[in-house]
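**Student:** Take a look at model_0.cif, mmCIF, N, CA and C atoms and all ligand atoms:
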```
data_protein
#
loop_
_atom_site.label_atom_id
_atom_site.label_comp_id
_atom_site.auth_asym_id
_atom_site.auth_seq_id
_atom_site.Cartn_x
_atom_site.Cartn_y
_atom_site.Cartn_z
N MET A 57 49.24 22.78 -14.82
CA MET A 57 48.23 23.39 -13.93
C MET A 57 46.83 23.04 -14.44
N THR A 58 46.11 22.22 -13.71
CA THR A 58 44.74 21.87 -14.11
C THR A 58 43.76 22.92 -13.58
N PRO A 59 42.56 22.97 -14.16
CA PRO A 59 41.55 23.87 -13.60
C PRO A 59 41.30 23.59 -12.12
N GLU A 60 41.32 22.34 -11.75
CA GLU A 60 41.07 21.98 -10.35
C GLU A 60 42.16 22.54 -9.44
N GLN A 61 43.39 22.50 -9.90
CA GLN A 61 44.49 23.06 -9.10
C GLN A 61 44.37 24.57 -8.97
N LEU A 62 43.94 25.21 -10.06
CA LEU A 62 43.75 26.67 -10.02
C LEU A 62 42.62 27.01 -9.04
N VAL A 63 41.57 26.21 -9.05
CA VAL A 63 40.45 26.42 -8.12
C VAL A 63 40.94 26.31 -6.67
N GLU A 64 41.77 25.33 -6.40
CA GLU A 64 42.30 25.18 -5.04
C GLU A 64 43.12 26.39 -4.61
N GLN A 65 43.87 26.95 -5.54
CA GLN A 65 44.66 28.14 -5.21
C GLN A 65 43.77 29.35 -4.96
N ALA A 66 42.66 29.44 -5.69
CA ALA A 66 41.71 30.54 -5.45
C ALA A 66 41.09 30.40 -4.06
N LYS A 67 40.78 29.19 -3.67
CA LYS A 67 40.21 28.96 -2.33
C LYS A 67 41.20 29.36 -1.25
N GLU A 68 42.46 29.04 -1.46
CA GLU A 68 43.47 29.44 -0.47
C GLU A 68 43.60 30.96 -0.43
N ALA A 69 43.51 31.59 -1.61
CA ALA A 69 43.64 33.05 -1.69
C ALA A 69 42.53 33.76 -0.92
N MET A 70 41.37 33.15 -0.88
CA MET A 70 40.24 33.73 -0.12
C MET A 70 40.63 34.04 1.31
N THR A 71 41.47 33.21 1.88
CA THR A 71 41.81 33.33 3.31
C THR A 71 42.67 34.56 3.58
N HIS A 72 43.17 35.20 2.50
CA HIS A 72 43.99 36.40 2.66
C HIS A 72 43.15 37.68 2.64
N ALA A 73 41.85 37.56 2.38
CA ALA A 73 40.99 38.73 2.19
C ALA A 73 40.99 39.63 3.43
N TYR A 74 40.96 40.94 3.16
CA TYR A 74 40.82 41.95 4.23
C TYR A 74 39.43 42.55 4.05
N VAL A 75 38.48 42.07 4.85
CA VAL A 75 37.07 42.40 4.60
C VAL A 75 36.34 42.80 5.88
N PRO A 76 36.81 43.83 6.58
CA PRO A 76 36.15 44.20 7.84
C PRO A 76 34.76 44.81 7.63
N TYR A 77 34.40 45.19 6.40
CA TYR A 77 33.13 45.89 6.18
C TYR A 77 32.05 44.97 5.63
N SER A 78 32.36 44.18 4.62
CA SER A 78 31.33 43.31 4.04
C SER A 78 31.35 41.90 4.62
N GLY A 79 32.51 41.45 5.03
CA GLY A 79 32.63 40.06 5.47
C GLY A 79 32.69 39.06 4.33
N TYR A 80 32.61 39.55 3.09
CA TYR A 80 32.69 38.64 1.94
C TYR A 80 34.15 38.44 1.55
N GLN A 81 34.62 37.23 1.76
CA GLN A 81 35.98 36.90 1.33
C GLN A 81 35.95 36.44 -0.11
N VAL A 82 36.86 36.98 -0.93
CA VAL A 82 36.95 36.59 -2.34
C VAL A 82 38.40 36.24 -2.65
N GLY A 83 38.57 35.20 -3.45
CA GLY A 83 39.91 34.78 -3.86
C GLY A 83 39.96 34.57 -5.37
N ALA A 84 41.11 34.84 -5.94
CA ALA A 84 41.30 34.63 -7.37
C ALA A 84 42.68 34.03 -7.61
N ALA A 85 42.77 33.14 -8.58
CA ALA A 85 44.05 32.56 -8.99
C ALA A 85 44.14 32.71 -10.51
N LEU A 86 45.12 33.49 -10.94
CA LEU A 86 45.29 33.86 -12.36
C LEU A 86 46.44 33.07 -12.97
N LEU A 87 46.12 32.35 -14.04
CA LEU A 87 47.13 31.54 -14.73
C LEU A 87 47.71 32.31 -15.91
N CYS A 88 49.01 32.56 -15.85
CA CYS A 88 49.70 33.24 -16.95
C CYS A 88 50.01 32.22 -18.05
N ALA A 89 50.24 32.75 -19.25
CA ALA A 89 50.51 31.86 -20.39
C ALA A 89 51.75 31.00 -20.17
N ASP A 90 52.70 31.50 -19.37
CA ASP A 90 53.92 30.72 -19.12
C ASP A 90 53.77 29.75 -17.96
N GLY A 91 52.59 29.65 -17.39
CA GLY A 91 52.34 28.70 -16.32
C GLY A 91 52.42 29.27 -14.92
N THR A 92 52.91 30.51 -14.81
CA THR A 92 52.97 31.16 -13.50
C THR A 92 51.56 31.45 -13.00
N VAL A 93 51.35 31.33 -11.70
CA VAL A 93 50.05 31.65 -11.10
C VAL A 93 50.22 32.81 -10.13
N TYR A 94 49.31 33.79 -10.28
CA TYR A 94 49.26 34.91 -9.33
C TYR A 94 47.92 34.86 -8.62
N CYS A 95 47.97 34.95 -7.30
CA CYS A 95 46.74 34.92 -6.51
C CYS A 95 46.41 36.32 -6.00
N GLY A 96 45.12 36.54 -5.77
CA GLY A 96 44.68 37.83 -5.24
C GLY A 96 43.50 37.65 -4.31
N CYS A 97 43.32 38.63 -3.44
CA CYS A 97 42.16 38.65 -2.56
C CYS A 97 41.56 40.05 -2.62
N ASN A 98 40.35 40.20 -2.11
CA ASN A 98 39.78 41.54 -2.02
C ASN A 98 40.32 42.25 -0.79
N ILE A 99 40.51 43.55 -0.95
CA ILE A 99 41.10 44.39 0.10
C ILE A 99 40.19 45.61 0.26
N GLU A 100 39.43 45.63 1.34
CA GLU A 100 38.42 46.69 1.52
C GLU A 100 39.01 47.91 2.21
N ASN A 101 38.18 48.96 2.23
CA ASN A 101 38.63 50.25 2.75
C ASN A 101 37.46 50.94 3.44
N ALA A 102 37.76 51.68 4.50
CA ALA A 102 36.71 52.37 5.26
C ALA A 102 35.93 53.35 4.39
N ALA A 103 36.56 53.88 3.34
CA ALA A 103 35.87 54.79 2.43
C ALA A 103 35.16 54.04 1.30
N TYR A 104 35.13 52.71 1.40
CA TYR A 104 34.44 51.80 0.48
C TYR A 104 34.96 51.81 -0.96
N SER A 105 34.91 52.95 -1.66
CA SER A 105 35.24 52.90 -3.09
C SER A 105 36.70 52.54 -3.38
N PRO A 106 37.64 52.78 -2.47
CA PRO A 106 39.01 52.32 -2.77
C PRO A 106 39.19 50.81 -2.69
N THR A 107 38.15 50.10 -2.33
CA THR A 107 38.24 48.63 -2.24
C THR A 107 38.75 48.04 -3.55
N ASN A 108 39.65 47.08 -3.43
CA ASN A 108 40.14 46.38 -4.62
C ASN A 108 39.65 44.93 -4.61
N CYS A 109 39.09 44.52 -5.73
CA CYS A 109 38.57 43.15 -5.84
C CYS A 109 39.73 42.15 -5.97
N ALA A 110 39.40 40.90 -5.66
CA ALA A 110 40.40 39.83 -5.72
C ALA A 110 40.99 39.67 -7.11
N GLU A 111 40.13 39.76 -8.12
CA GLU A 111 40.61 39.55 -9.50
C GLU A 111 41.62 40.62 -9.89
N ARG A 112 41.29 41.87 -9.54
CA ARG A 112 42.21 42.95 -9.92
C ARG A 112 43.51 42.88 -9.12
N THR A 113 43.43 42.45 -7.88
CA THR A 113 44.66 42.27 -7.12
C THR A 113 45.58 41.28 -7.84
N ALA A 114 45.00 40.18 -8.31
CA ALA A 114 45.80 39.16 -9.01
C ALA A 114 46.37 39.73 -10.32
N PHE A 115 45.54 40.40 -11.10
CA PHE A 115 46.01 40.97 -12.37
C PHE A 115 47.11 42.00 -12.14
N PHE A 116 46.90 42.88 -11.16
CA PHE A 116 47.87 43.97 -10.98
C PHE A 116 49.21 43.43 -10.47
N LYS A 117 49.16 42.41 -9.64
CA LYS A 117 50.42 41.78 -9.20
C LYS A 117 51.16 41.21 -10.41
N ALA A 118 50.42 40.52 -11.26
CA ALA A 118 51.04 39.85 -12.41
C ALA A 118 51.60 40.87 -13.41
N VAL A 119 50.81 41.90 -13.69
CA VAL A 119 51.27 42.91 -14.66
C VAL A 119 52.49 43.65 -14.13
N TYR A 120 52.49 43.93 -12.83
CA TYR A 120 53.66 44.58 -12.24
C TYR A 120 54.92 43.75 -12.50
N ASP A 121 54.76 42.43 -12.41
CA ASP A 121 55.91 41.54 -12.59
C ASP A 121 56.23 41.29 -14.06
N GLY A 122 55.51 41.95 -14.96
CA GLY A 122 55.88 41.87 -16.37
C GLY A 122 55.03 40.95 -17.22
N HIS A 123 54.03 40.33 -16.65
CA HIS A 123 53.19 39.42 -17.44
C HIS A 123 52.14 40.20 -18.22
N ARG A 124 51.89 39.73 -19.45
CA ARG A 124 50.89 40.38 -20.30
C ARG A 124 49.94 39.36 -20.92
N ASN A 125 50.30 38.10 -20.84
CA ASN A 125 49.51 37.05 -21.49
C ASN A 125 48.96 36.08 -20.44
N PHE A 126 47.65 35.86 -20.53
CA PHE A 126 46.97 35.08 -19.50
C PHE A 126 46.05 34.04 -20.13
N SER A 127 45.89 32.92 -19.43
CA SER A 127 45.09 31.83 -19.96
C SER A 127 43.74 31.68 -19.27
N ALA A 128 43.74 31.85 -17.94
CA ALA A 128 42.52 31.55 -17.18
C ALA A 128 42.59 32.16 -15.80
N ILE A 129 41.41 32.30 -15.18
CA ILE A 129 41.37 32.74 -13.79
C ILE A 129 40.27 31.95 -13.07
N ALA A 130 40.55 31.53 -11.85
CA ALA A 130 39.54 30.90 -11.00
C ALA A 130 39.14 31.92 -9.94
N VAL A 131 37.84 32.02 -9.68
CA VAL A 131 37.33 33.02 -8.73
C VAL A 131 36.35 32.34 -7.78
N CYS A 132 36.51 32.64 -6.50
CA CYS A 132 35.54 32.11 -5.53
C CYS A 132 35.32 33.15 -4.44
N GLY A 133 34.17 33.06 -3.81
CA GLY A 133 33.89 34.00 -2.73
C GLY A 133 32.66 33.59 -1.95
N GLY A 134 32.56 34.16 -0.77
CA GLY A 134 31.38 33.90 0.05
C GLY A 134 31.48 34.60 1.38
N LYS A 135 30.32 34.81 1.99
CA LYS A 135 30.26 35.45 3.30
C LYS A 135 31.04 34.63 4.31
N ASP A 136 31.92 35.30 5.04
CA ASP A 136 32.76 34.65 6.05
C ASP A 136 33.54 33.46 5.47
N GLY A 137 33.82 33.53 4.19
CA GLY A 137 34.65 32.50 3.56
C GLY A 137 33.93 31.22 3.22
N VAL A 138 32.60 31.22 3.33
CA VAL A 138 31.82 30.01 3.01
C VAL A 138 31.30 30.13 1.57
N ILE A 139 31.76 29.24 0.70
CA ILE A 139 31.34 29.26 -0.69
C ILE A 139 29.97 28.60 -0.82
N LYS A 140 29.03 29.35 -1.38
CA LYS A 140 27.72 28.75 -1.68
C LYS A 140 27.59 28.74 -3.21
N GLY A 141 26.98 29.77 -3.78
CA GLY A 141 26.93 29.85 -5.24
C GLY A 141 28.19 30.47 -5.79
N ALA A 142 28.21 30.62 -7.10
CA ALA A 142 29.33 31.29 -7.77
C ALA A 142 29.40 32.75 -7.34
N PHE A 143 30.59 33.31 -7.43
CA PHE A 143 30.81 34.72 -7.08
C PHE A 143 31.41 35.38 -8.32
N PRO A 144 30.59 35.73 -9.29
CA PRO A 144 31.11 36.20 -10.59
C PRO A 144 31.82 37.54 -10.49
N PRO A 145 32.79 37.77 -11.35
CA PRO A 145 33.53 39.04 -11.34
C PRO A 145 32.63 40.24 -11.61
N CYS A 146 32.89 41.34 -10.93
CA CYS A 146 32.13 42.57 -11.15
C CYS A 146 32.50 43.16 -12.52
N GLY A 147 31.73 44.14 -12.94
CA GLY A 147 31.95 44.74 -14.24
C GLY A 147 33.31 45.39 -14.40
N VAL A 148 33.79 46.01 -13.33
CA VAL A 148 35.11 46.65 -13.40
C VAL A 148 36.19 45.60 -13.62
N CYS A 149 36.09 44.49 -12.90
CA CYS A 149 37.09 43.43 -13.07
C CYS A 149 37.01 42.81 -14.47
N ARG A 150 35.81 42.67 -15.00
CA ARG A 150 35.68 42.13 -16.36
C ARG A 150 36.39 43.05 -17.36
N GLN A 151 36.26 44.34 -17.17
CA GLN A 151 36.91 45.28 -18.09
C GLN A 151 38.44 45.23 -17.93
N VAL A 152 38.91 45.08 -16.71
CA VAL A 152 40.36 44.93 -16.49
C VAL A 152 40.87 43.66 -17.18
N MET A 153 40.12 42.57 -17.06
CA MET A 153 40.50 41.34 -17.77
C MET A 153 40.60 41.59 -19.26
N ARG A 154 39.63 42.35 -19.79
CA ARG A 154 39.57 42.58 -21.25
C ARG A 154 40.75 43.41 -21.74
N GLU A 155 41.34 44.19 -20.84
CA GLU A 155 42.52 44.98 -21.22
C GLU A 155 43.66 44.08 -21.70
N PHE A 156 43.76 42.90 -21.06
CA PHE A 156 44.90 42.01 -21.32
C PHE A 156 44.50 40.70 -22.00
N CYS A 157 43.21 40.40 -22.04
CA CYS A 157 42.78 39.07 -22.49
C CYS A 157 41.78 39.18 -23.63
N SER A 158 41.79 38.17 -24.47
CA SER A 158 40.80 38.12 -25.54
C SER A 158 39.53 37.44 -25.02
N GLU A 159 38.56 37.38 -25.90
CA GLU A 159 37.25 36.87 -25.46
C GLU A 159 37.26 35.39 -25.12
N ASP A 160 38.31 34.67 -25.52
CA ASP A 160 38.36 33.24 -25.19
C ASP A 160 39.07 32.95 -23.85
N PHE A 161 39.45 34.00 -23.15
CA PHE A 161 40.02 33.84 -21.81
C PHE A 161 39.02 33.08 -20.94
N LEU A 162 39.52 32.08 -20.19
CA LEU A 162 38.62 31.22 -19.40
C LEU A 162 38.48 31.71 -17.97
N VAL A 163 37.24 31.70 -17.49
CA VAL A 163 36.94 32.10 -16.11
C VAL A 163 36.25 30.92 -15.43
N TYR A 164 36.87 30.40 -14.39
CA TYR A 164 36.29 29.30 -13.63
C TYR A 164 35.55 29.88 -12.43
N LEU A 165 34.24 29.79 -12.46
CA LEU A 165 33.40 30.31 -11.39
C LEU A 165 33.17 29.19 -10.38
N VAL A 166 33.79 29.32 -9.24
CA VAL A 166 33.76 28.26 -8.23
C VAL A 166 32.43 28.32 -7.46
N ASN A 167 31.84 27.16 -7.26
CA ASN A 167 30.64 27.08 -6.41
C ASN A 167 30.84 25.99 -5.37
N ASP A 168 29.78 25.67 -4.64
CA ASP A 168 29.92 24.74 -3.52
C ASP A 168 30.12 23.30 -3.98
N THR A 169 29.83 23.00 -5.24
CA THR A 169 30.01 21.62 -5.70
C THR A 169 31.14 21.46 -6.71
N GLY A 170 31.74 22.55 -7.14
CA GLY A 170 32.81 22.45 -8.14
C GLY A 170 33.05 23.79 -8.78
N TYR A 171 32.99 23.82 -10.11
CA TYR A 171 33.16 25.10 -10.80
C TYR A 171 32.48 25.04 -12.16
N GLU A 172 32.12 26.21 -12.64
CA GLU A 172 31.53 26.36 -13.97
C GLU A 172 32.51 27.15 -14.82
N THR A 173 32.71 26.74 -16.05
CA THR A 173 33.63 27.45 -16.95
C THR A 173 32.85 28.36 -17.88
N VAL A 174 33.24 29.62 -17.88
CA VAL A 174 32.67 30.58 -18.84
C VAL A 174 33.83 31.32 -19.50
N THR A 175 33.55 31.94 -20.62
CA THR A 175 34.59 32.75 -21.28
C THR A 175 34.38 34.22 -20.94
N LEU A 176 35.46 34.98 -21.11
CA LEU A 176 35.35 36.43 -20.90
C LEU A 176 34.35 37.03 -21.89
N GLY A 177 34.30 36.48 -23.08
CA GLY A 177 33.35 36.98 -24.07
C GLY A 177 31.91 36.78 -23.63
N GLU A 178 31.65 35.71 -22.92
CA GLU A 178 30.29 35.49 -22.39
C GLU A 178 29.99 36.46 -21.25
N LEU A 179 31.01 36.74 -20.44
CA LEU A 179 30.80 37.64 -19.30
C LEU A 179 30.72 39.10 -19.74
N LEU A 180 31.41 39.43 -20.83
CA LEU A 180 31.50 40.83 -21.27
C LEU A 180 31.32 40.90 -22.80
N PRO A 181 30.09 40.69 -23.26
CA PRO A 181 29.86 40.71 -24.71
C PRO A 181 29.97 42.13 -25.26
N HIS A 182 30.26 42.22 -26.55
CA HIS A 182 30.37 43.52 -27.24
C HIS A 182 31.31 44.46 -26.49
N SER A 183 32.45 43.93 -26.08
CA SER A 183 33.33 44.68 -25.18
C SER A 183 34.15 45.73 -25.91
N PHE A 184 34.57 46.70 -25.15
CA PHE A 184 35.48 47.74 -25.62
C PHE A 184 36.89 47.34 -25.23
N SER A 185 37.81 47.35 -26.20
CA SER A 185 39.20 47.03 -25.85
C SER A 185 40.14 47.93 -26.62
N ALA A 186 41.23 48.25 -25.99
CA ALA A 186 42.17 49.21 -26.55
C ALA A 186 42.69 48.75 -27.91
N GLY A 187 43.08 47.50 -27.99
CA GLY A 187 43.69 47.00 -29.20
C GLY A 187 42.80 47.13 -30.42
N GLU A 188 41.51 46.92 -30.21
CA GLU A 188 40.59 46.89 -31.34
C GLU A 188 39.94 48.24 -31.64
N HIS A 189 39.91 49.13 -30.67
CA HIS A 189 39.14 50.37 -30.85
C HIS A 189 39.97 51.64 -30.79
N MET A 190 41.24 51.54 -30.48
CA MET A 190 42.01 52.78 -30.28
C MET A 190 43.21 52.88 -31.18
N ILE A 191 43.29 51.99 -32.21
CA ILE A 191 44.38 52.13 -33.17
C ILE A 191 43.83 52.23 -34.57
N1 LIG B 201 34.43 41.58 -4.84
C1 LIG B 201 35.52 40.99 -5.41
O1 LIG B 201 36.56 40.79 -4.76
N2 LIG B 201 35.43 40.62 -6.72
C2 LIG B 201 34.35 40.87 -7.51
O2 LIG B 201 34.46 40.76 -8.72
C3 LIG B 201 33.07 41.23 -6.89
C4 LIG B 201 33.20 41.87 -5.54
C5 LIG B 201 34.51 41.99 -3.43
C6 LIG B 201 34.48 43.48 -3.20
C7 LIG B 201 33.99 43.56 -1.77
O3 LIG B 201 35.10 43.49 -0.90
C8 LIG B 201 33.15 42.30 -1.59
O4 LIG B 201 33.44 41.46 -2.70
C9 LIG B 201 31.67 42.56 -1.54
O5 LIG B 201 31.25 43.32 -2.61
#
```
What is this file in structure tokens?
Ligand code: THU
**Tutor:**
Amino acid sequence: MTPEQLVEQAKEAMTHAYVPYSGYQVGAALLCADGTVYCGCNIENAAYSPTNCAERTAFFKAVYDGHRNFSAIAVCGGKDGVIKGAFPPCGVCRQVMREFCSEDFLVYLVNDTGYETVTLGELLPHSFSAGEHMI
């Protein structure tokens, strides 16, 4: 699975978004350590706060199926499904990633010309994690 292939899966995942309120379609493709890929989209709600982001949809699907080790995630998004700039993960999603991933976890931020690679440590510096702070 190349980064480019993961990016393509994130773009396909965008088309699954349920976004009657914002119109922003977001897609994520999460690569597990064993090579399995889980895709997610954002799923909005009339009460707004129950909305689930694309990244968390992908993580929760994977964790439900028993995965705990992850290598990378590709994320893309845009109004009406049109990708312009990068659509970086929100703070809640960054913290969910940190629950299962170390700071070297790779995040591919998709834009209109390709993608930019950042680490979870760059997105969430000085992070709180269960393994390091609760034992
Ligand atoms: N959204 C995501 O899916 N992922 C993020 O990390 C940022 C925000 C969604 C939530 C909402 O449906 C839409 O983007 C606009 O905020």
**Student:** Taking only C-alpha atoms and all ligand atoms into account, which residues are within 9 Å of ligand LIG 201 (chain B), as number ranges by chain?
**Tutor:** A: 73-84, 96-101, 104, 107-113, 131-135, 143-150
**Student:** Using DSSP on the backbone, list every residue of segment 91-167 of chain A that comes out as strand (DSSP E or B), and give them as a VMD selection string.
**Tutor:** chain A and resid 93 to 97 99 108 126 to 135 162 to 166
**Student:** Output N, CA and C atoms for every residue in the selection just made, as an mmCIF file, keeping the file's coordinate frame.
**Tutor:**
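Output saved as result-v2.cif:
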```cif
data_model
loop_
_atom_site.group_PDB
_atom_site.id
_atom_site.type_symbol
_atom_site.label_atom_id
_atom_site.label_comp_id
_atom_site.auth_asym_id
_atom_site.auth_seq_id
_atom_site.Cartn_x
_atom_site.Cartn_y
_atom_site.Cartn_z
ATOM 1 N N VAL A 93 51.350 31.330 -11.700
ATOM 2 C CA VAL A 93 50.050 31.650 -11.100
ATOM 3 C C VAL A 93 50.220 32.810 -10.130
ATOM 4 N N TYR A 94 49.310 33.790 -10.280
ATOM 5 C CA TYR A 94 49.260 34.910 -9.330
ATOM 6 C C TYR A 94 47.920 34.860 -8.620
ATOM 7 N N CYS A 95 47.970 34.950 -7.300
ATOM 8 C CA CYS A 95 46.740 34.920 -6.510
ATOM 9 C C CYS A 95 46.410 36.320 -6.000
ATOM 10 N N GLY A 96 45.120 36.540 -5.770
ATOM 11 C CA GLY A 96 44.680 37.830 -5.240
ATOM 12 C C GLY A 96 43.500 37.650 -4.310
ATOM 13 N N CYS A 97 43.320 38.630 -3.440
ATOM 14 C CA CYS A 97 42.160 38.650 -2.560
ATOM 15 C C CYS A 97 41.560 40.050 -2.620
ATOM 16 N N ILE A 99 40.510 43.550 -0.950
ATOM 17 C CA ILE A 99 41.100 44.390 0.100
ATOM 18 C C ILE A 99 40.190 45.610 0.260
ATOM 19 N N ASN A 108 39.650 47.080 -3.430
ATOM 20 C CA ASN A 108 40.140 46.380 -4.620
ATOM 21 C C ASN A 108 39.650 44.930 -4.610
ATOM 22 N N PHE A 126 47.650 35.860 -20.530
ATOM 23 C CA PHE A 126 46.970 35.080 -19.500
ATOM 24 C C PHE A 126 46.050 34.040 -20.130
ATOM 25 N N SER A 127 45.890 32.920 -19.430
ATOM 26 C CA SER A 127 45.090 31.830 -19.960
ATOM 27 C C SER A 127 43.740 31.680 -19.270
ATOM 28 N N ALA A 128 43.740 31.850 -17.940
ATOM 29 C CA ALA A 128 42.520 31.550 -17.180
ATOM 30 C C ALA A 128 42.590 32.160 -15.800
ATOM 31 N N ILE A 129 41.410 32.300 -15.180
ATOM 32 C CA ILE A 129 41.370 32.740 -13.790
ATOM 33 C C ILE A 129 40.270 31.950 -13.070
ATOM 34 N N ALA A 130 40.550 31.530 -11.850
ATOM 35 C CA ALA A 130 39.540 30.900 -11.000
ATOM 36 C C ALA A 130 39.140 31.920 -9.940
ATOM 37 N N VAL A 131 37.840 32.020 -9.680
ATOM 38 C CA VAL A 131 37.330 33.020 -8.730
ATOM 39 C C VAL A 131 36.350 32.340 -7.780
ATOM 40 N N CYS A 132 36.510 32.640 -6.500
ATOM 41 C CA CYS A 132 35.540 32.110 -5.530
ATOM 42 C C CYS A 132 35.320 33.150 -4.440
ATOM 43 N N GLY A 133 34.170 33.060 -3.810
ATOM 44 C CA GLY A 133 33.890 34.000 -2.730
ATOM 45 C C GLY A 133 32.660 33.590 -1.950
ATOM 46 N N GLY A 134 32.560 34.160 -0.770
ATOM 47 C CA GLY A 134 31.380 33.900 0.050
ATOM 48 C C GLY A 134 31.480 34.600 1.380
ATOM 49 N N LYS A 135 30.320 34.810 1.990
ATOM 50 C CA LYS A 135 30.260 35.450 3.300
ATOM 51 C C LYS A 135 31.040 34.630 4.310
ATOM 52 N N LEU A 162 39.520 32.080 -20.190
ATOM 53 C CA LEU A 162 38.620 31.220 -19.400
ATOM 54 C C LEU A 162 38.480 31.710 -17.970
ATOM 55 N N VAL A 163 37.240 31.700 -17.490
ATOM 56 C CA VAL A 163 36.940 32.100 -16.110
ATOM 57 C C VAL A 163 36.250 30.920 -15.430
ATOM 58 N N TYR A 164 36.870 30.400 -14.390
ATOM 59 C CA TYR A 164 36.290 29.300 -13.630
ATOM 60 C C TYR A 164 35.550 29.880 -12.430
ATOM 61 N N LEU A 165 34.240 29.790 -12.460
ATOM 62 C CA LEU A 165 33.400 30.310 -11.390
ATOM 63 C C LEU A 165 33.170 29.190 -10.380
ATOM 64 N N VAL A 166 33.790 29.320 -9.240
ATOM 65 C CA VAL A 166 33.760 28.260 -8.230
ATOM 66 C C VAL A 166 32.430 28.320 -7.460
#
```
**Student:** Would you work out the distance separating atom CA of Val166 of chain A from atom CA of Phe126 of chain A, expressed in Å to one decimal?
**Tutor:**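 Atom CA of Phe126 of chain A lies at a distance of 18.7 Å from atom CA of Val166 of chain A.
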**Student:** Near segment 151-163 of chain A, counting all atoms listed in the file, which residues have an atom at most 8 Å away, once you skip same-chain residues fewer than 4 positions from it, shown as a short mmCIF file (atom, residue, chain, number, x, y, z; two decimals) with N, CA and C atoms, in the coordinates of the input?
**Tutor:**
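This went into result-v2.cif:
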```
data_model
loop_
_atom_site.label_atom_id
_atom_site.label_comp_id
_atom_site.auth_asym_id
_atom_site.auth_seq_id
_atom_site.Cartn_x
_atom_site.Cartn_y
_atom_site.Cartn_z
N GLU A 111 40.13 39.76 -8.12
CA GLU A 111 40.61 39.55 -9.50
C GLU A 111 41.62 40.62 -9.89
N ARG A 112 41.29 41.87 -9.54
CA ARG A 112 42.21 42.95 -9.92
C ARG A 112 43.51 42.88 -9.12
N PHE A 115 45.54 40.40 -11.10
CA PHE A 115 46.01 40.97 -12.37
C PHE A 115 47.11 42.00 -12.14
N ARG A 124 51.89 39.73 -19.45
CA ARG A 124 50.89 40.38 -20.30
C ARG A 124 49.94 39.36 -20.92
N ASN A 125 50.30 38.10 -20.84
CA ASN A 125 49.51 37.05 -21.49
C ASN A 125 48.96 36.08 -20.44
N PHE A 126 47.65 35.86 -20.53
CA PHE A 126 46.97 35.08 -19.50
C PHE A 126 46.05 34.04 -20.13
N SER A 127 45.89 32.92 -19.43
CA SER A 127 45.09 31.83 -19.96
C SER A 127 43.74 31.68 -19.27
N ALA A 128 43.74 31.85 -17.94
CA ALA A 128 42.52 31.55 -17.18
C ALA A 128 42.59 32.16 -15.80
N ILE A 129 41.41 32.30 -15.18
CA ILE A 129 41.37 32.74 -13.79
C ILE A 129 40.27 31.95 -13.07
N ALA A 130 40.55 31.53 -11.85
CA ALA A 130 39.54 30.90 -11.00
C ALA A 130 39.14 31.92 -9.94
N VAL A 131 37.84 32.02 -9.68
CA VAL A 131 37.33 33.02 -8.73
C VAL A 131 36.35 32.34 -7.78
N PRO A 145 32.79 37.77 -11.35
CA PRO A 145 33.53 39.04 -11.34
C PRO A 145 32.63 40.24 -11.61
N CYS A 146 32.89 41.34 -10.93
CA CYS A 146 32.13 42.57 -11.15
C CYS A 146 32.50 43.16 -12.52
N GLY A 147 31.73 44.14 -12.94
CA GLY A 147 31.95 44.74 -14.24
C GLY A 147 33.31 45.39 -14.40
N TYR A 171 32.99 23.82 -10.11
CA TYR A 171 33.16 25.10 -10.80
C TYR A 171 32.48 25.04 -12.16
N GLU A 172 32.12 26.21 -12.64
CA GLU A 172 31.53 26.36 -13.97
C GLU A 172 32.51 27.15 -14.82
N THR A 173 32.71 26.74 -16.05
CA THR A 173 33.63 27.45 -16.95
C THR A 173 32.85 28.36 -17.88
N VAL A 174 33.24 29.62 -17.88
CA VAL A 174 32.67 30.58 -18.84
C VAL A 174 33.83 31.32 -19.50
N THR A 175 33.55 31.94 -20.62
CA THR A 175 34.59 32.75 -21.28
C THR A 175 34.38 34.22 -20.94
N LEU A 176 35.46 34.98 -21.11
CA LEU A 176 35.35 36.43 -20.90
C LEU A 176 34.35 37.03 -21.89
N GLY A 177 34.30 36.48 -23.08
CA GLY A 177 33.35 36.98 -24.07
C GLY A 177 31.91 36.78 -23.63
N GLU A 178 31.65 35.71 -22.92
CA GLU A 178 30.29 35.49 -22.39
C GLU A 178 29.99 36.46 -21.25
N LEU A 179 31.01 36.74 -20.44
CA LEU A 179 30.80 37.64 -19.30
C LEU A 179 30.72 39.10 -19.74
N LEU A 180 31.41 39.43 -20.83
CA LEU A 180 31.50 40.83 -21.27
C LEU A 180 31.32 40.90 -22.80
N SER A 183 32.45 43.93 -26.08
CA SER A 183 33.33 44.68 -25.18
C SER A 183 34.15 45.73 -25.91
N PHE A 184 34.57 46.70 -25.15
CA PHE A 184 35.48 47.74 -25.62
C PHE A 184 36.89 47.34 -25.23
N SER A 185 37.81 47.35 -26.20
CA SER A 185 39.20 47.03 -25.85
C SER A 185 40.14 47.93 -26.62
N ALA A 186 41.23 48.25 -25.99
CA ALA A 186 42.17 49.21 -26.55
C ALA A 186 42.69 48.75 -27.91
N GLY A 187 43.08 47.50 -27.99
CA GLY A 187 43.69 47.00 -29.20
C GLY A 187 42.80 47.13 -30.42
#
```
**Student:** I need the residue nearest Glu64 of chain A from this list: A:Val93, A:Val119, A:Ala85, A:Met190. Use all atoms listed in the file for the distance.
**Tutor:**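 Ranked by minimum distance to Glu64 of chain A, first place goes to A:Ala85.
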**Student:** So what do you get for atom N of Leu86 of chain A versus atom N of Ala114 of chain A, distance-wise?
**Tutor:**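 These atoms are spaced 7.2 Å apart.
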**Student:** Which residue gives the smallest distance to Leu87 of chain A among A:Lys140, A:His182, A:His123, A:His72, with only C-alpha atoms counted?
**Tutor:** A:His123
**Student:** Let me have the centre and edge lengths in Å, one decimal, of the box along x, y and z around every listed atom of segment 106-112 of chain A with 6 Å of margin on each side, as JSON.
**Tutor:**
```
{"center_x": 40.6, "center_y": 46.2, "center_z": -6.1, "size_x": 17.9, "size_y": 25.2, "size_z": 19.7}
```
